[in-house]
file run_11.pdb (PDB, C-alpha atoms)
ATOM      1  CA  MET K 396     -33.116  67.026  93.059
ATOM      2  CA  ALA K 397     -36.101  64.878  92.104
ATOM      3  CA  GLU K 398     -37.885  68.067  91.008
ATOM      4  CA  ALA K 399     -34.957  69.283  88.927
ATOM      5  CA  GLN K 400     -36.281  67.982  85.636
ATOM      6  CA  PHE K 401     -38.286  70.556  83.765
ATOM      7  CA  ASN K 402     -41.981  69.950  83.380
ATOM      8  CA  LEU K 403     -44.284  72.325  81.506
ATOM      9  CA  SER K 404     -47.454  71.425  83.393
ATOM     10  CA  LYS K 405     -45.678  72.056  86.713
ATOM     11  CA  LEU K 406     -44.624  75.470  85.438
ATOM     12  CA  GLN K 407     -48.256  76.223  84.556
ATOM     13  CA  LEU K 408     -49.358  75.094  88.009
ATOM     14  CA  GLN K 409     -46.764  77.300  89.666
ATOM     15  CA  LYS K 410     -47.897  80.220  87.537
ATOM     16  CA  SER K 411     -51.446  79.878  88.904
ATOM     17  CA  ILE K 412     -50.086  79.650  92.459
ATOM     18  CA  LEU K 413     -48.184  82.888  91.846
ATOM     19  CA  GLN K 414     -51.373  84.451  90.471
ATOM     20  CA  ARG K 415     -53.165  83.630  93.723
ATOM     21  CA  VAL K 416     -50.234  84.924  95.809
ATOM     22  CA  ALA K 417     -50.319  88.214  93.865
ATOM     23  CA  GLU K 418     -53.904  88.730  95.031
ATOM     24  CA  THR K 419     -52.811  88.548  98.718
ATOM     25  CA  ASP K 420     -53.314  91.593 100.948
ATOM     26  CA  PHE K 421     -49.724  92.327 101.960
ATOM     27  CA  SER K 422     -50.712  95.148 104.374
ATOM     28  CA  LYS K 423     -50.708  92.603 107.208
ATOM     29  CA  PHE K 424     -47.000  91.919 106.698
ATOM     30  CA  ASP K 425     -43.966  93.868 107.742
ATOM     31  CA  SER K 426     -43.466  96.618 105.183
ATOM     32  CA  ASN K 427     -39.656  96.264 105.048
ATOM     33  CA  ALA K 428     -39.860  92.524 104.495
ATOM     34  CA  VAL K 429     -42.449  93.105 101.779
ATOM     35  CA  ALA K 430     -40.162  95.663 100.126
ATOM     36  CA  VAL K 431     -37.279  93.152 100.098
ATOM     37  CA  MET K 432     -39.608  90.492  98.625
ATOM     38  CA  ALA K 433     -40.747  92.964  95.962
ATOM     39  CA  GLY K 434     -37.111  93.587  94.997
ATOM     40  CA  LYS K 435     -36.338  89.865  94.829
ATOM     41  CA  THR K 436     -39.505  89.208  92.844
ATOM     42  CA  ARG K 437     -38.476  91.881  90.322
ATOM     43  CA  GLU K 438     -35.047  90.191  89.980
ATOM     44  CA  VAL K 439     -36.663  86.824  89.226
ATOM     45  CA  ALA K 440     -39.102  88.479  86.792
ATOM     46  CA  SER K 441     -36.187  90.207  85.012
ATOM     47  CA  PHE K 442     -34.342  86.912  84.744
ATOM     48  CA  ILE K 443     -37.399  85.189  83.228
ATOM     49  CA  ALA K 444     -37.901  88.171  80.912
ATOM     50  CA  ALA K 445     -34.302  87.734  79.720
ATOM     51  CA  VAL K 446     -34.908  84.013  79.154
ATOM     52  CA  ASN K 447     -38.035  84.897  77.176
ATOM     53  CA  GLU K 448     -36.053  87.361  75.120
ATOM     54  CA  VAL K 449     -33.564  84.604  74.188
ATOM     55  CA  PHE K 450     -36.451  82.282  73.307
ATOM     56  CA  THR K 451     -38.181  84.898  71.175
ATOM     57  CA  ARG K 452     -35.101  86.274  69.470
ATOM     58  CA  GLU K 453     -32.887  83.209  69.046
ATOM     59  CA  VAL K 454     -34.234  79.792  70.021
ATOM     60  CA  GLY K 455     -37.757  80.213  68.594
ATOM     61  CA  PRO K 456     -36.739  81.326  65.078
ATOM     62  CA  LYS K 457     -34.060  78.611  64.893
ATOM     63  CA  ILE K 458     -36.418  75.841  65.971
ATOM     64  CA  SER K 459     -39.071  77.207  63.639
ATOM     65  CA  SER K 460     -36.596  77.224  60.773
ATOM     66  CA  VAL K 461     -35.603  73.603  61.451
ATOM     67  CA  ALA K 462     -39.289  72.622  61.653
ATOM     68  CA  ASP K 463     -40.027  74.396  58.347
ATOM     69  CA  GLY K 464     -37.043  72.666  56.743
ATOM     70  CA  LEU K 465     -38.196  69.234  57.867
ATOM     71  CA  ALA K 466     -41.793  69.944  56.827
ATOM     72  CA  GLY K 467     -40.493  71.060  53.406
ATOM     73  CA  LEU K 468     -38.389  67.908  53.098
ATOM     74  CA  ARG K 469     -41.386  65.754  53.950
ATOM     75  CA  LYS K 470     -43.567  67.647  51.436
ATOM     76  CA  ARG K 471     -40.993  67.273  48.664
ATOM     77  CA  LEU K 472     -40.519  63.574  49.392
ATOM     78  CA  LEU K 473     -44.236  62.848  49.496
ATOM     79  CA  SER K 474     -45.235  64.918  46.457
TER
ATOM     80  CA  MET J 102     -47.359 101.724  98.998
ATOM     81  CA  LYS J 103     -44.800  98.954  99.450
ATOM     82  CA  ASN J 104     -47.649  96.414  99.680
ATOM     83  CA  ILE J 105     -48.992  97.514  96.305
ATOM     84  CA  ASN J 106     -45.506  97.204  94.810
ATOM     85  CA  LEU J 107     -45.128  93.576  95.798
ATOM     86  CA  GLY J 108     -48.508  92.760  94.286
ATOM     87  CA  LEU J 109     -47.486  94.491  91.067
ATOM     88  CA  GLU J 110     -44.107  92.779  91.018
ATOM     89  CA  LEU J 111     -45.802  89.413  91.466
ATOM     90  CA  LYS J 112     -48.229  90.195  88.634
ATOM     91  CA  GLY J 113     -45.257  91.149  86.456
ATOM     92  CA  LEU J 114     -43.617  87.852  87.367
ATOM     93  CA  VAL J 115     -46.812  85.971  86.449
ATOM     94  CA  GLU J 116     -46.868  87.744  83.061
ATOM     95  CA  ASN J 117     -43.273  86.747  82.411
ATOM     96  CA  VAL J 118     -43.972  83.147  83.442
ATOM     97  CA  SER J 119     -47.017  83.168  81.110
ATOM     98  CA  ALA J 120     -44.816  84.351  78.259
ATOM     99  CA  LEU J 121     -42.291  81.638  79.143
ATOM    100  CA  VAL J 122     -45.018  78.964  79.086
ATOM    101  CA  GLU J 123     -46.198  80.325  75.735
ATOM    102  CA  ASN J 124     -42.668  80.297  74.310
ATOM    103  CA  ILE J 125     -42.023  76.774  75.506
ATOM    104  CA  SER J 126     -45.400  75.576  74.207
ATOM    105  CA  SER J 127     -44.690  77.106  70.825
ATOM    106  CA  ILE J 128     -41.245  75.492  70.636
ATOM    107  CA  ARG J 129     -42.673  72.194  71.847
ATOM    108  CA  GLY J 130     -45.271  72.408  69.059
ATOM    109  CA  HIS J 131     -42.569  72.890  66.428
ATOM    110  CA  VAL J 132     -40.477  70.067  67.870
ATOM    111  CA  THR J 133     -43.461  67.713  68.025
ATOM    112  CA  ARG J 134     -44.435  68.459  64.398
ATOM    113  CA  SER J 135     -40.840  67.973  63.277
ATOM    114  CA  SER J 136     -40.498  64.650  65.042
ATOM    115  CA  GLU J 137     -43.687  63.555  63.273
ATOM    116  CA  ASP J 138     -42.362  64.667  59.870
ATOM    117  CA  ILE J 139     -39.218  62.564  60.117
ATOM    118  CA  PRO J 140     -40.806  59.072  60.085
ATOM    119  CA  ALA J 141     -42.720  60.013  56.909
ATOM    120  CA  ALA J 142     -39.440  61.090  55.295
ATOM    121  CA  PHE J 143     -37.782  57.820  56.387
ATOM    122  CA  SER J 144     -40.564  55.813  54.881
ATOM    123  CA  LYS J 145     -40.433  57.660  51.562
ATOM    124  CA  LEU J 146     -36.654  57.320  51.326
ATOM    125  CA  ASP J 147     -36.972  53.594  52.011
ATOM    126  CA  THR J 148     -39.523  53.299  49.210
ATOM    127  CA  VAL J 149     -37.270  55.199  46.805
ATOM    128  CA  ASN J 150     -34.380  52.907  47.701
ATOM    129  CA  SER J 151     -36.343  49.690  47.264
ATOM    130  CA  GLU J 152     -37.923  50.840  44.002
ATOM    131  CA  THR J 153     -34.616  51.805  42.403
ATOM    132  CA  GLU J 154     -33.061  48.592  43.712
ATOM    133  CA  SER J 155     -35.852  46.508  42.227
ATOM    134  CA  ALA J 156     -35.752  48.352  38.878
ATOM    135  CA  THR J 157     -31.961  48.000  38.730
ATOM    136  CA  SER J 158     -32.185  44.321  39.485
ATOM    137  CA  GLN J 159     -34.727  43.839  36.682
ATOM    138  CA  LEU J 160     -32.538  45.781  34.245
ATOM    139  CA  MET J 161     -29.559  43.613  35.176
ATOM    140  CA  ASP J 162     -31.599  40.471  34.501
ATOM    141  CA  ILE J 163     -32.591  41.850  31.085
ATOM    142  CA  LEU J 164     -28.950  42.655  30.350
ATOM    143  CA  ASP J 165     -27.943  39.128  31.320
ATOM    144  CA  ASN J 166     -30.499  37.764  28.846
ATOM    145  CA  LEU J 167     -29.292  40.107  26.125
ATOM    146  CA  SER J 168     -25.680  39.077  26.731
ATOM    147  CA  GLU J 169     -26.694  35.430  26.509
ATOM    148  CA  SER J 170     -28.483  36.153  23.210
ATOM    149  CA  ASP J 171     -25.372  37.938  21.895
ATOM    150  CA  LYS J 172     -23.308  34.877  22.786
ATOM    151  CA  GLN J 173     -25.749  32.504  21.077
ATOM    152  CA  ALA J 174     -25.945  34.727  17.986
ATOM    153  CA  GLY J 175     -22.132  34.749  17.861
ATOM    154  CA  GLU J 176     -22.014  30.959  18.046
ATOM    155  CA  LEU J 177     -24.623  30.622  15.272
ATOM    156  CA  ILE J 178     -22.660  32.969  13.033
ATOM    157  CA  ILE J 179     -19.475  30.956  13.581
ATOM    158  CA  LYS J 180     -21.386  27.751  12.788
ATOM    159  CA  LEU J 181     -22.833  29.292   9.632
ATOM    160  CA  GLU J 182     -19.417  30.642   8.708
ATOM    161  CA  ASN J 183     -17.969  27.136   8.985
ATOM    162  CA  ASP J 184     -20.841  25.639   6.967
ATOM    163  CA  LEU J 185     -20.301  28.186   4.241
ATOM    164  CA  ALA J 186     -16.525  28.093   4.382
ATOM    165  CA  GLY J 187     -14.879  29.147   1.164
ATOM    166  CA  LYS J 188     -17.837  31.166  -0.087
ATOM    167  CA  GLU J 189     -16.186  34.572  -0.131
ATOM    168  CA  GLU J 190     -19.386  36.386  -1.138
ATOM    169  CA  TYR J 191     -20.649  35.871   2.471
ATOM    170  CA  ARG J 192     -17.452  37.088   4.113
ATOM    171  CA  GLU J 193     -18.576  40.728   4.245
ATOM    172  CA  ILE J 194     -21.986  39.755   5.754
ATOM    173  CA  PHE J 195     -20.361  37.600   8.478
ATOM    174  CA  ASP J 196     -17.885  40.341   9.336
ATOM    175  CA  GLY J 197     -20.741  42.861   9.526
ATOM    176  CA  LEU J 198     -22.814  40.606  11.797
ATOM    177  CA  LYS J 199     -19.824  39.957  14.087
ATOM    178  CA  ALA J 200     -19.174  43.712  14.327
ATOM    179  CA  ILE J 201     -22.824  44.329  15.282
ATOM    180  CA  ILE J 202     -22.675  41.656  17.998
ATOM    181  CA  ASP J 203     -19.388  43.041  19.340
ATOM    182  CA  LYS J 204     -20.893  46.519  19.457
ATOM    183  CA  ASN J 205     -24.008  45.199  21.220
ATOM    184  CA  GLN J 206     -21.866  43.459  23.855
ATOM    185  CA  GLU J 207     -19.861  46.632  24.395
ATOM    186  CA  GLN J 208     -23.055  48.684  24.826
ATOM    187  CA  HIS J 209     -24.499  46.136  27.256
ATOM    188  CA  ILE J 210     -21.369  46.338  29.398
ATOM    189  CA  ARG J 211     -21.630  50.133  29.400
ATOM    190  CA  VAL J 212     -25.258  49.941  30.538
ATOM    191  CA  LEU J 213     -24.217  47.529  33.283
ATOM    192  CA  GLU J 214     -21.523  49.971  34.435
ATOM    193  CA  THR J 215     -23.994  52.848  34.348
ATOM    194  CA  LEU J 216     -26.332  50.901  36.618
ATOM    195  CA  GLN J 217     -23.851  51.395  39.464
ATOM    196  CA  PHE J 218     -25.721  54.705  39.964
ATOM    197  CA  GLN J 219     -28.189  52.706  42.053
ATOM    198  CA  ASP J 220     -25.520  51.690  44.536
ATOM    199  CA  ILE J 221     -24.299  55.288  44.741
ATOM    200  CA  THR J 222     -27.765  56.813  45.216
ATOM    201  CA  SER J 223     -28.588  54.112  47.747
ATOM    202  CA  GLN J 224     -25.501  55.076  49.788
ATOM    203  CA  GLN J 225     -26.379  58.753  49.571
ATOM    204  CA  ILE J 226     -29.940  58.070  50.687
ATOM    205  CA  ARG J 227     -28.661  56.004  53.608
ATOM    206  CA  HIS J 228     -26.446  58.921  54.558
ATOM    207  CA  VAL J 229     -29.448  61.295  54.517
ATOM    208  CA  THR J 230     -31.459  58.756  56.539
ATOM    209  CA  SER J 231     -28.657  58.530  59.075
ATOM    210  CA  LEU J 232     -28.592  62.351  59.417
ATOM    211  CA  LEU J 233     -32.376  62.402  59.837
ATOM    212  CA  MET J 234     -32.102  59.747  62.557
ATOM    213  CA  ASN J 235     -29.678  61.970  64.434
ATOM    214  CA  VAL J 236     -32.079  64.897  64.100
ATOM    215  CA  GLU J 237     -34.929  62.715  65.366
ATOM    216  CA  LYS J 238     -32.814  61.629  68.327
ATOM    217  CA  GLU J 239     -32.053  65.263  69.174
ATOM    218  CA  LEU J 240     -35.718  66.219  68.848
ATOM    219  CA  SER J 241     -36.742  63.345  71.113
ATOM    220  CA  GLY J 242     -34.198  64.622  73.630
ATOM    221  CA  ILE J 243     -35.714  68.121  73.481
ATOM    222  CA  LEU J 244     -39.221  66.701  73.870
ATOM    223  CA  ALA J 245     -38.045  64.653  76.830
ATOM    224  CA  THR J 246     -36.710  67.838  78.440
ATOM    225  CA  PHE J 247     -39.992  69.661  77.915
ATOM    226  CA  GLU J 248     -42.349  66.891  78.800
ATOM    227  CA  ASN J 249     -40.486  64.487  80.994
ATOM    228  CA  PHE J 250     -41.421  62.140  78.188
ATOM    229  CA  SER J 251     -39.341  60.274  75.683
ATOM    230  CA  ARG J 252     -40.761  58.675  72.558
ATOM    231  CA  PRO J 253     -38.636  55.626  71.695
ATOM    232  CA  SER J 254     -37.498  55.561  68.097
ATOM    233  CA  ASP J 255     -39.005  52.693  66.080
ATOM    234  CA  HIS J 256     -36.263  52.763  63.452
ATOM    235  CA  THR J 257     -33.376  50.384  63.162
ATOM    236  CA  GLU J 258     -30.067  52.123  63.680
ATOM    237  CA  ILE J 259     -28.098  52.540  60.464
ATOM    238  CA  ASP J 260     -24.498  51.392  60.563
ATOM    239  CA  THR J 261     -22.636  54.522  59.483
ATOM    240  CA  GLN J 262     -19.884  52.295  58.080
ATOM    241  CA  SER J 263     -22.352  50.772  55.626
ATOM    242  CA  PHE J 264     -22.363  53.748  53.258
ATOM    243  CA  ASN J 265     -20.012  56.275  51.818
ATOM    244  CA  PRO J 266     -21.520  59.739  52.252
ATOM    245  CA  HIS J 267     -19.214  61.082  49.541
ATOM    246  CA  ALA J 268     -20.126  58.429  46.990
ATOM    247  CA  ILE J 269     -20.511  59.907  43.517
ATOM    248  CA  PHE J 270     -21.262  58.378  40.183
ATOM    249  CA  ALA J 271     -18.550  58.931  37.600
ATOM    250  CA  ASP J 272     -18.398  57.307  34.194
ATOM    251  CA  LYS J 273     -14.680  56.643  34.257
ATOM    252  CA  LYS J 274     -13.418  53.439  32.779
ATOM    253  CA  GLU J 275     -10.133  53.857  34.651
ATOM    254  CA  GLU J 276     -12.002  53.727  37.967
ATOM    255  CA  GLN J 277     -13.903  50.640  36.859
ATOM    256  CA  ALA J 278     -10.610  49.053  35.855
ATOM    257  CA  ASP J 279      -9.223  49.842  39.319
ATOM    258  CA  ILE J 280     -12.252  48.163  40.895
ATOM    259  CA  ASP J 281     -11.877  45.143  38.605
ATOM    260  CA  ASP J 282      -8.205  44.885  39.590
ATOM    261  CA  LEU J 283      -9.110  44.990  43.266
ATOM    262  CA  VAL J 284     -11.755  42.277  42.834
ATOM    263  CA  LYS J 285      -9.291  40.110  40.883
ATOM    264  CA  LYS J 286      -6.648  40.647  43.550
ATOM    265  CA  TYR J 287      -9.118  39.733  46.295
ATOM    266  CA  ARG J 288     -10.214  36.572  44.463
ATOM    267  CA  HIS J 289      -6.607  35.643  43.839
ATOM    268  CA  GLU J 290      -5.784  36.037  47.536
ATOM    269  CA  GLN J 291      -8.686  33.750  48.465
TER
END
call {"tool": "encode", "arguments": {"input": "run_11.pdb", "output": "structure tokens"}}
result
Amino acid sequence: MAEAQFNLSKLQLQKSILQRVAETDFSKFDSNAVAVMAGKTREVASFIAAVNEVFTREVGPKISSVADGLAGLRKRLLS
Amino acid sequence: MKNINLGLELKGLVENVSALVENISSIRGHVTRSSEDIPAAFSKLDTVNSETESATSQLMDILDNLSESDKQAGELIIKLENDLAGKEEYREIFDGLKAIIDKNQEQHIRVLETLQFQDITSQQIRHVTSLLMNVEKELSGILATFENFSRPSDHTEIDTQSFNPHAIFADKKEEQADIDDLVKKYRHEQ
């Protein structure tokens, strides 16, 4: 539970760990187990892709619009 | 073949995580910029409020002086009128002077009433400031989620009871009369 709070630098660290894992030679492992892992990995990737889609399509533009609005307000007030 | 698939799936996962990091970084950038914009807006609104308050206060002082002058001029005219009692040729001049002073006093009262705009704009600005504070609080919350970091607000909380967000300025004598009645009633009760 201590790790539950989101942290961007941890996410970046875990990304580089995954990068190293992807370079592993999986031929030494049981092929069925590797196939199951591949399926599970695809599921996780699809979930993150869906999250990204929400960020790109909905959250990002909304946040950007709020940021533009506040920047405009600041500009008008300071001009 | 299956080995190659897992490697590819992992690379796909890494790409998606990269995109996620990019998305979050971009949003964090927007949020950070926004939370920096708000204090500047606060500061400007504060300046606007204090400048209008100061100007209004000076105008009210000037009006007080003018009213005092009207009163003194009125007293001098009455004195002169008494000194020249019976001289009918001055009657028209005295009446004219009194009418001018009355009109001046009436205009000064109207200016004084009009100056209530400052109180109204001040309340509206406080309302905007209060809304901006809420936005800043929300943005700090989002930043805290992203960064495990919370920037404490350095602004004093605004009492939301201290302003009327719907305050408008209306030049209605009836409304002023209502306010005067309320003040009289309050004083009477004390």
call {"tool": "resolve_selection", "arguments": {"input": "run_11.pdb", "expression": "the PyMOL selection byres ((chain J) within 7 of (chain K))", "output": "mmCIF file with C-alpha atoms, in the frame of the given file"}}
result
data_model
loop_
_atom_site.group_PDB
_atom_site.id
_atom_site.type_symbol
_atom_site.label_atom_id
_atom_site.label_comp_id
_atom_site.auth_asym_id
_atom_site.auth_seq_id
_atom_site.Cartn_x
_atom_site.Cartn_y
_atom_site.Cartn_z
ATOM 1 C CA LYS J 103 -44.800 98.954 99.450
ATOM 2 C CA ASN J 104 -47.649 96.414 99.680
ATOM 3 C CA ASN J 106 -45.506 97.204 94.810
ATOM 4 C CA LEU J 107 -45.128 93.576 95.798
ATOM 5 C CA GLY J 108 -48.508 92.760 94.286
ATOM 6 C CA GLU J 110 -44.107 92.779 91.018
ATOM 7 C CA LEU J 111 -45.802 89.413 91.466
ATOM 8 C CA LYS J 112 -48.229 90.195 88.634
ATOM 9 C CA GLY J 113 -45.257 91.149 86.456
ATOM 10 C CA LEU J 114 -43.617 87.852 87.367
ATOM 11 C CA VAL J 115 -46.812 85.971 86.449
ATOM 12 C CA ASN J 117 -43.273 86.747 82.411
ATOM 13 C CA VAL J 118 -43.972 83.147 83.442
ATOM 14 C CA ALA J 120 -44.816 84.351 78.259
ATOM 15 C CA LEU J 121 -42.291 81.638 79.143
ATOM 16 C CA VAL J 122 -45.018 78.964 79.086
ATOM 17 C CA ASN J 124 -42.668 80.297 74.310
ATOM 18 C CA ILE J 128 -41.245 75.492 70.636
ATOM 19 C CA HIS J 131 -42.569 72.890 66.428
ATOM 20 C CA VAL J 132 -40.477 70.067 67.870
ATOM 21 C CA SER J 135 -40.840 67.973 63.277
ATOM 22 C CA ASP J 138 -42.362 64.667 59.870
ATOM 23 C CA ALA J 141 -42.720 60.013 56.909
ATOM 24 C CA ALA J 142 -39.440 61.090 55.295
ATOM 25 C CA LYS J 145 -40.433 57.660 51.562
ATOM 26 C CA THR J 246 -36.710 67.838 78.440
ATOM 27 C CA PHE J 247 -39.992 69.661 77.915
ATOM 28 C CA GLU J 248 -42.349 66.891 78.800
ATOM 29 C CA ASN J 249 -40.486 64.487 80.994
#
call {"tool": "atom_distance", "arguments": {"input": "run_11.pdb", "atom1": "CA of Ser241 (chain J)", "atom2": "CA of Val149 (chain J)"}}
result
25.6 Å
call {"tool": "atom_distance", "arguments": {"input": "run_11.pdb", "atom1": "CA of Leu232 (chain J)", "atom2": "CA of Thr215 (chain J)"}}
result
27.2 Å
call {"tool": "residues_around", "arguments": {"input": "run_11.pdb", "residues": "region 151-157 of chain J", "least_positions_apart": "4", "cutoff": "9 Å", "atoms": "all atoms listed in the file", "output": "list in words"}}
result
Leu146, Asp147, Met161, Asp162, Leu216, Gln217, Gln219, Asp220, Thr222 and Ser223 of chain J
call {"tool": "atom_distance", "arguments": {"input": "run_11.pdb", "atom1": "CA of Leu181 (chain J)", "atom2": "CA of Ile201 (chain J)"}}
result
16.1 Å
